[in-house]
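Below: one structure, written as structure tokens.
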Amino acid sequence: MAEDADARAVSDPPTKGDRAVLHIVVDHLSGEGIDEPLLPSREVEREGDGFGRKCLSGLLGMLHALGQHNLKQMLAYSGIAHVGIILIGIGLGVLGQSTQNNAMAFLGFGGALLHLLNHSLYQGLLFHGAGSVLIVTGTEKINALGGLFKKMPITSGTFLIGSMAISGLPPLNGFVSQWLLYVAAF
């Protein structure tokens, strides 16, 4: 019976709220997040301003995610925070290039690309799990989702693994990319 619930559950089409969050992410990526060119700048101070905004966007996205009571909205705000982490990696790569620090540039760009790949894997897994939970339970309210391991053991297990990966716990993929960015920064 528990496997039947997992087998029947599929993601629902995007709602107005989902489209609004996607619009925010696209705006963040296209205009607000990367407003300096990706080529090395002669003025490192200018890069430092952009780096500060990238750090702030990651922090604010995570703070918004912590205050959510809706599962999909929490995942969306967490996604914005991880876009901030990716932009931090790009900023570290650009900073490394402009200061002729090849190790920082390699680790920054490499960490950003790896985090982009990792983020697409675990964020997709988590959104699919959230859609499955919504189909079976009929709610996205986190407080009303107790006892899912008994109802949906496969979905719950994969959601747990995705949650650990997005949190950056070793040895999962989220840890590796965030570790590379940490090494690039220090």
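Chain identifiers are assigned as A, B, and so on, following the order in which chains appear in the structure tokens; residues are numbered from 1 within each chain, and ligands are numbered from 1 in order of appearance.
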
* To do: Write out as a ChimeraX atom specification each polymer residue whose atoms come within 8 Å of Met104 (chain A), counting only C-alpha atoms; drop sequence neighbours fewer than 6 positions from it.
  => /A:92-93,95-97,184-185

Given the selection you just returned, output its residues as a file containing N, CA, C and O atoms, formatted as a CSV table (one decimal), in the first residue's frame.
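Saved to out32.csv:
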chain,number,residue,atom,x,y,z
A,92,LEU,N,34.4,34.4,-6.9
A,92,LEU,CA,35.7,34.0,-6.5
A,92,LEU,C,36.6,33.7,-7.7
A,92,LEU,O,37.8,34.0,-7.7
A,93,GLY,N,36.0,33.1,-8.7
A,93,GLY,CA,36.8,32.8,-10.0
A,93,GLY,C,37.3,34.1,-10.6
A,93,GLY,O,38.4,34.2,-11.1
A,95,LEU,N,37.6,37.0,-9.2
A,95,LEU,CA,38.6,37.7,-8.3
A,95,LEU,C,39.9,37.0,-8.4
A,95,LEU,O,41.0,37.7,-8.5
A,96,GLY,N,39.9,35.7,-8.5
A,96,GLY,CA,41.2,35.0,-8.7
A,96,GLY,C,41.9,35.3,-10.0
A,96,GLY,O,43.1,35.5,-10.1
A,97,GLN,N,41.1,35.5,-11.1
A,97,GLN,CA,41.6,35.9,-12.4
A,97,GLN,C,42.2,37.3,-12.3
A,97,GLN,O,43.3,37.6,-12.9
A,184,ALA,N,38.6,27.8,-2.1
A,184,ALA,CA,38.9,29.0,-3.0
A,184,ALA,C,38.9,30.3,-2.2
A,184,ALA,O,39.7,31.1,-2.5
A,185,ALA,N,38.0,30.4,-1.2
A,185,ALA,CA,37.9,31.7,-0.5
A,185,ALA,C,39.1,31.9,0.5
A,185,ALA,O,39.5,33.0,0.8

* To do: Could you tell me, as a PyMOL selection string, which residues of region 82-172 of chain A DSSP assigns to alpha helix (DSSP H) when given the backbone?
  => chain A and resi 82-98+102-137+148-151+153-166

Writer output for current selection, C-alpha atoms, as an mmCIF file, in the first residue's frame:
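Contents of again.cif, as written:
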data_model
loop_
_atom_site.group_PDB
_atom_site.id
_atom_site.type_symbol
_atom_site.label_atom_id
_atom_site.label_comp_id
_atom_site.auth_asym_id
_atom_site.auth_seq_id
_atom_site.Cartn_x
_atom_site.Cartn_y
_atom_site.Cartn_z
ATOM 1 C CA HIS A 82 22.015 28.216 -3.695
ATOM 2 C CA VAL A 83 22.026 30.469 -6.749
ATOM 3 C CA GLY A 84 23.766 32.951 -4.439
ATOM 4 C CA ILE A 85 26.342 30.261 -3.589
ATOM 5 C CA ILE A 86 26.918 29.635 -7.309
ATOM 6 C CA LEU A 87 27.385 33.362 -7.861
ATOM 7 C CA ILE A 88 29.856 33.471 -4.977
ATOM 8 C CA GLY A 89 31.867 30.802 -6.794
ATOM 9 C CA ILE A 90 31.798 32.825 -10.009
ATOM 10 C CA GLY A 91 32.837 35.898 -8.040
ATOM 11 C CA LEU A 92 35.741 33.992 -6.498
ATOM 12 C CA GLY A 93 36.788 32.820 -9.958
ATOM 13 C CA VAL A 94 36.704 36.350 -11.336
ATOM 14 C CA LEU A 95 38.557 37.664 -8.299
ATOM 15 C CA GLY A 96 41.178 34.952 -8.739
ATOM 16 C CA GLN A 97 41.642 35.884 -12.388
ATOM 17 C CA SER A 98 41.925 39.586 -11.697
ATOM 18 C CA ASN A 102 45.131 30.691 -10.583
ATOM 19 C CA ALA A 103 44.196 28.364 -7.715
ATOM 20 C CA MET A 104 41.408 30.680 -6.561
ATOM 21 C CA ALA A 105 40.140 31.111 -10.123
ATOM 22 C CA PHE A 106 40.157 27.353 -10.811
ATOM 23 C CA LEU A 107 38.513 26.418 -7.504
ATOM 24 C CA GLY A 108 35.983 29.262 -7.731
ATOM 25 C CA PHE A 109 34.825 28.501 -11.275
ATOM 26 C CA GLY A 110 35.084 24.738 -10.740
ATOM 27 C CA GLY A 111 33.162 24.888 -7.476
ATOM 28 C CA ALA A 112 30.484 27.078 -9.064
ATOM 29 C CA LEU A 113 30.030 24.687 -11.991
ATOM 30 C CA LEU A 114 29.966 21.652 -9.721
ATOM 31 C CA HIS A 115 27.467 23.354 -7.407
ATOM 32 C CA LEU A 116 25.296 24.225 -10.411
ATOM 33 C CA LEU A 117 25.243 20.564 -11.431
ATOM 34 C CA ASN A 118 24.685 19.349 -7.871
ATOM 35 C CA HIS A 119 21.968 21.910 -7.271
ATOM 36 C CA SER A 120 20.081 20.832 -10.381
ATOM 37 C CA LEU A 121 20.211 17.210 -9.192
ATOM 38 C CA TYR A 122 19.087 17.597 -5.596
ATOM 39 C CA GLN A 123 16.705 20.502 -6.162
ATOM 40 C CA GLY A 124 14.948 18.503 -8.885
ATOM 41 C CA LEU A 125 14.757 15.513 -6.553
ATOM 42 C CA LEU A 126 13.315 17.627 -3.744
ATOM 43 C CA PHE A 127 10.716 19.364 -5.935
ATOM 44 C CA HIS A 128 9.644 16.015 -7.365
ATOM 45 C CA GLY A 129 9.307 14.663 -3.825
ATOM 46 C CA ALA A 130 7.298 17.737 -2.785
ATOM 47 C CA GLY A 131 4.951 17.196 -5.742
ATOM 48 C CA SER A 132 4.537 13.545 -4.784
ATOM 49 C CA VAL A 133 3.758 14.504 -1.198
ATOM 50 C CA LEU A 134 1.210 17.078 -2.381
ATOM 51 C CA ILE A 135 -0.584 14.520 -4.567
ATOM 52 C CA VAL A 136 -0.834 11.935 -1.779
ATOM 53 C CA THR A 137 -1.543 14.219 1.200
ATOM 54 C CA LEU A 148 5.137 10.366 5.895
ATOM 55 C CA PHE A 149 7.725 7.617 6.377
ATOM 56 C CA LYS A 150 4.894 5.131 6.985
ATOM 57 C CA LYS A 151 2.743 6.399 4.101
ATOM 58 C CA PRO A 153 8.731 5.235 2.512
ATOM 59 C CA ILE A 154 10.484 5.508 -0.862
ATOM 60 C CA THR A 155 9.633 9.175 -1.369
ATOM 61 C CA SER A 156 10.532 9.949 2.249
ATOM 62 C CA GLY A 157 13.885 8.184 1.954
ATOM 63 C CA THR A 158 14.847 9.957 -1.261
ATOM 64 C CA PHE A 159 13.639 13.278 0.154
ATOM 65 C CA LEU A 160 15.824 12.706 3.221
ATOM 66 C CA ILE A 161 18.870 12.034 1.035
ATOM 67 C CA GLY A 162 18.128 15.163 -1.050
ATOM 68 C CA SER A 163 17.716 17.217 2.129
ATOM 69 C CA MET A 164 21.071 16.012 3.430
ATOM 70 C CA ALA A 165 22.711 16.831 0.077
ATOM 71 C CA ILE A 166 21.233 20.336 -0.096
#

* Asked: How many Å separate CA of Trp179 (chain A) from CA of Asn70 (chain A)?
  -> 29.4 Å

* Structure fact -> CA of Ile142 (chain A) to CA of Val176 (chain A) measures 28.5 Å

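Each of A:Gln68, A:Gln178, A:Asn173, A:Ser78 was compared to Lys141 (chain A) using only C-alpha atoms, and A:Gln68 turns out to be the nearest.
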